[in-house]
Amino acid sequence: MDIYLKLIDVIIPVFALVGTGYYLSKKNSKLNTSFISTFTVKIGAPALSFYAITSTGISFDLFISYFFYSLLAVGGFSIIGIIFLLILKKDFIRELPPLIYPNCGNMGLPICLFAYGYAGLGVASAFSSVVILSHFTVGVFLASKKFNLKVLLESVSVYSLIIALILLYFELETPKFVENTVFLLAHATIALVLISLGVSLTRLKVFSLSNSVLLSFVRLILGPIVALLIIYFFDLRGYAAGILLIQSSMPCAILTYLIGSMYSPKKIVDNIAGTIVVSTMLSVFTIPIVIFVSLKYFA
């Protein structure tokens with residue numbers, strides 16, 4: 001019974017905030033969330049990443065280990081995504097990002113926090129760091145078919161990650177006033193990004209339901225399978241393995257739509273939007289299963 005109560009404690013807060021955003025947007029279709037987007041990209045996400053790495057007790061070795069496992073997972077997602085897109089005769093370059101980048105920031109981080117506490121948040125940050133760095137390098141390259149180093153150099157999250165890892169490696173203590181500041185910013189970010197996710201679901205459109213459903217299953221079903229293969233091959237144990245499974249099982253990242261809308265043709269962007277919406281909706285059913293498995297077998 002305890003595991004089912006824990007499951008409720010993890011799931012309800014996340015989907016309640018997503019539902020709040022959805023409700024507010026339905027009540028006011030002109031609801032402006034540009035502030036949330038700007039705050040998250042420039043301040044919130046870097047603060048959350050910094051806090052997760054420096055203040056949750058994760059060791060440098062553990063972070064690097066799961067950074068490596070996360071790279072393997074994204075690599076596995078990429079191979080599977082390319083195969084399926086080739087079979088479907090899709091643009092296997094520009095339509096690849098939603099299949100290889102799970103929403104490990106907006107949804108994954110809060111879910112890992114509620115499931116495993118601050119220790120889980122620390123390990124989850126390793127996965128999200130891989131995805132963030134990849135978004136602004138490989139993700140931009142896939143969307144535009146051009147490599148743009150400027151996007152990476154302008155990303156505040158990259159510098160936040162570098163500073164946090166320096167502190168972690170040399171075991172330097174973060175000044176208390178800095179820790180308290182990023183603590184407040186990090187927790188505010190978690191609430192805001194979940195609400196903005198709900199708002200986004202009312203604005204992204206599904207143009208091809210069958211296509212979106214199929215690609216959503218690729219993300220939601222094969223994602224955790226790749227994670228389980230990595231867990232089995234490297235004999236991973238404990239809560240950190242559960243974090244890898246949860247993060248790999250998230251729906252498509254909304255950032256793939258934002259980057260795609262900047263660099264890709266409208267038809268490609270429409271397909272990405274549909275996959276994001278459907279995968280997020282279907283995750284209402286898949287995420288509880290994944291969390292249950294994680295809590296039961298990777299305590």
# chains A, B, ... in the order shown; residues from 1 in each chain; ligands from 1

call {"tool": "closest_atom_pairs", "arguments": {"of": "segment 113-200 of chain A", "to": "segment 80-95 of chain A", "cutoff": "12 Å", "atoms": "only C-alpha atoms", "output": "JSON lines"}}
result
{"residue": "A:Val138", "atom": "CA", "partner": "A:Ile93", "partner_atom": "CA", "distance": 10.4}
{"residue": "A:Gly139", "atom": "CA", "partner": "A:Arg94", "partner_atom": "CA", "distance": 8.8}
{"residue": "A:Val140", "atom": "CA", "partner": "A:Arg94", "partner_atom": "CA", "distance": 9.4}
{"residue": "A:Phe141", "atom": "CA", "partner": "A:Arg94", "partner_atom": "CA", "distance": 8.8}
{"residue": "A:Leu142", "atom": "CA", "partner": "A:Arg94", "partner_atom": "CA", "distance": 5.2}
{"residue": "A:Ala143", "atom": "CA", "partner": "A:Arg94", "partner_atom": "CA", "distance": 4.9}
{"residue": "A:Ser144", "atom": "CA", "partner": "A:Arg94", "partner_atom": "CA", "distance": 7.5}
{"residue": "A:Lys145", "atom": "CA", "partner": "A:Arg94", "partner_atom": "CA", "distance": 7.7}
{"residue": "A:Lys146", "atom": "CA", "partner": "A:Arg94", "partner_atom": "CA", "distance": 11.1}

call {"tool": "write_last_selection", "arguments": {"atoms": "C-alpha atoms", "output": "PDB file, in the first residue's frame"}}
result
ATOM      1  CA  VAL A 138      22.919  18.860 -31.933  1.00  0.00           C
ATOM      2  CA  GLY A 139      19.295  20.057 -31.641  1.00  0.00           C
ATOM      3  CA  VAL A 140      19.983  23.311 -33.463  1.00  0.00           C
ATOM      4  CA  PHE A 141      22.053  21.452 -36.061  1.00  0.00           C
ATOM      5  CA  LEU A 142      19.195  18.990 -36.725  1.00  0.00           C
ATOM      6  CA  ALA A 143      16.583  21.766 -36.973  1.00  0.00           C
ATOM      7  CA  SER A 144      18.620  24.010 -39.262  1.00  0.00           C
ATOM      8  CA  LYS A 145      21.004  21.447 -40.815  1.00  0.00           C
ATOM      9  CA  LYS A 146      23.739  23.906 -39.843  1.00  0.00           C
TER      10      LYS A 146
END

call {"tool": "closest_atom_pairs", "arguments": {"of": "segment 44-101 of chain A", "to": "segment 185-209 of chain A", "cutoff": "10 Å", "atoms": "only C-alpha atoms", "output": "tab-separated table"}}
result
residue	atom	partner	partner_atom	distance
A:Gly44	CA	A:Thr189	CA	5.2
A:Ala45	CA	A:Thr189	CA	6.9
A:Pro46	CA	A:Ala186	CA	8.5
A:Ala47	CA	A:Ala186	CA	5.6
A:Leu48	CA	A:Ala186	CA	4.2
A:Ser49	CA	A:Ala186	CA	7.9
A:Phe50	CA	A:Ala186	CA	8.7
A:Tyr51	CA	A:Ala186	CA	6.9
A:Ala52	CA	A:Ala186	CA	8.5

call {"tool": "closest_atom_pairs", "arguments": {"of": "segment 128-233 of chain A", "to": "segment 65-69 of chain A", "cutoff": "8 Å", "atoms": "only C-alpha atoms", "output": "JSON lines"}}
result
{"residue": "A:Ser129", "atom": "CA", "partner": "A:Phe67", "partner_atom": "CA", "distance": 7.6}
{"residue": "A:Val130", "atom": "CA", "partner": "A:Phe67", "partner_atom": "CA", "distance": 6.5}
{"residue": "A:Ile230", "atom": "CA", "partner": "A:Tyr69", "partner_atom": "CA", "distance": 7.3}

call {"tool": "closest_residue", "arguments": {"among": "A:Pro288, A:Pro251, A:Gly57, A:Gly260", "to": "Gly108 of chain A", "atoms": "only C-alpha atoms"}}
result
A:Pro251

call {"tool": "closest_residue", "arguments": {"among": "A:Tyr4, A:Phe136, A:Phe39, A:Phe183", "to": "Ile53 of chain A", "atoms": "only C-alpha atoms"}}
result
A:Phe183
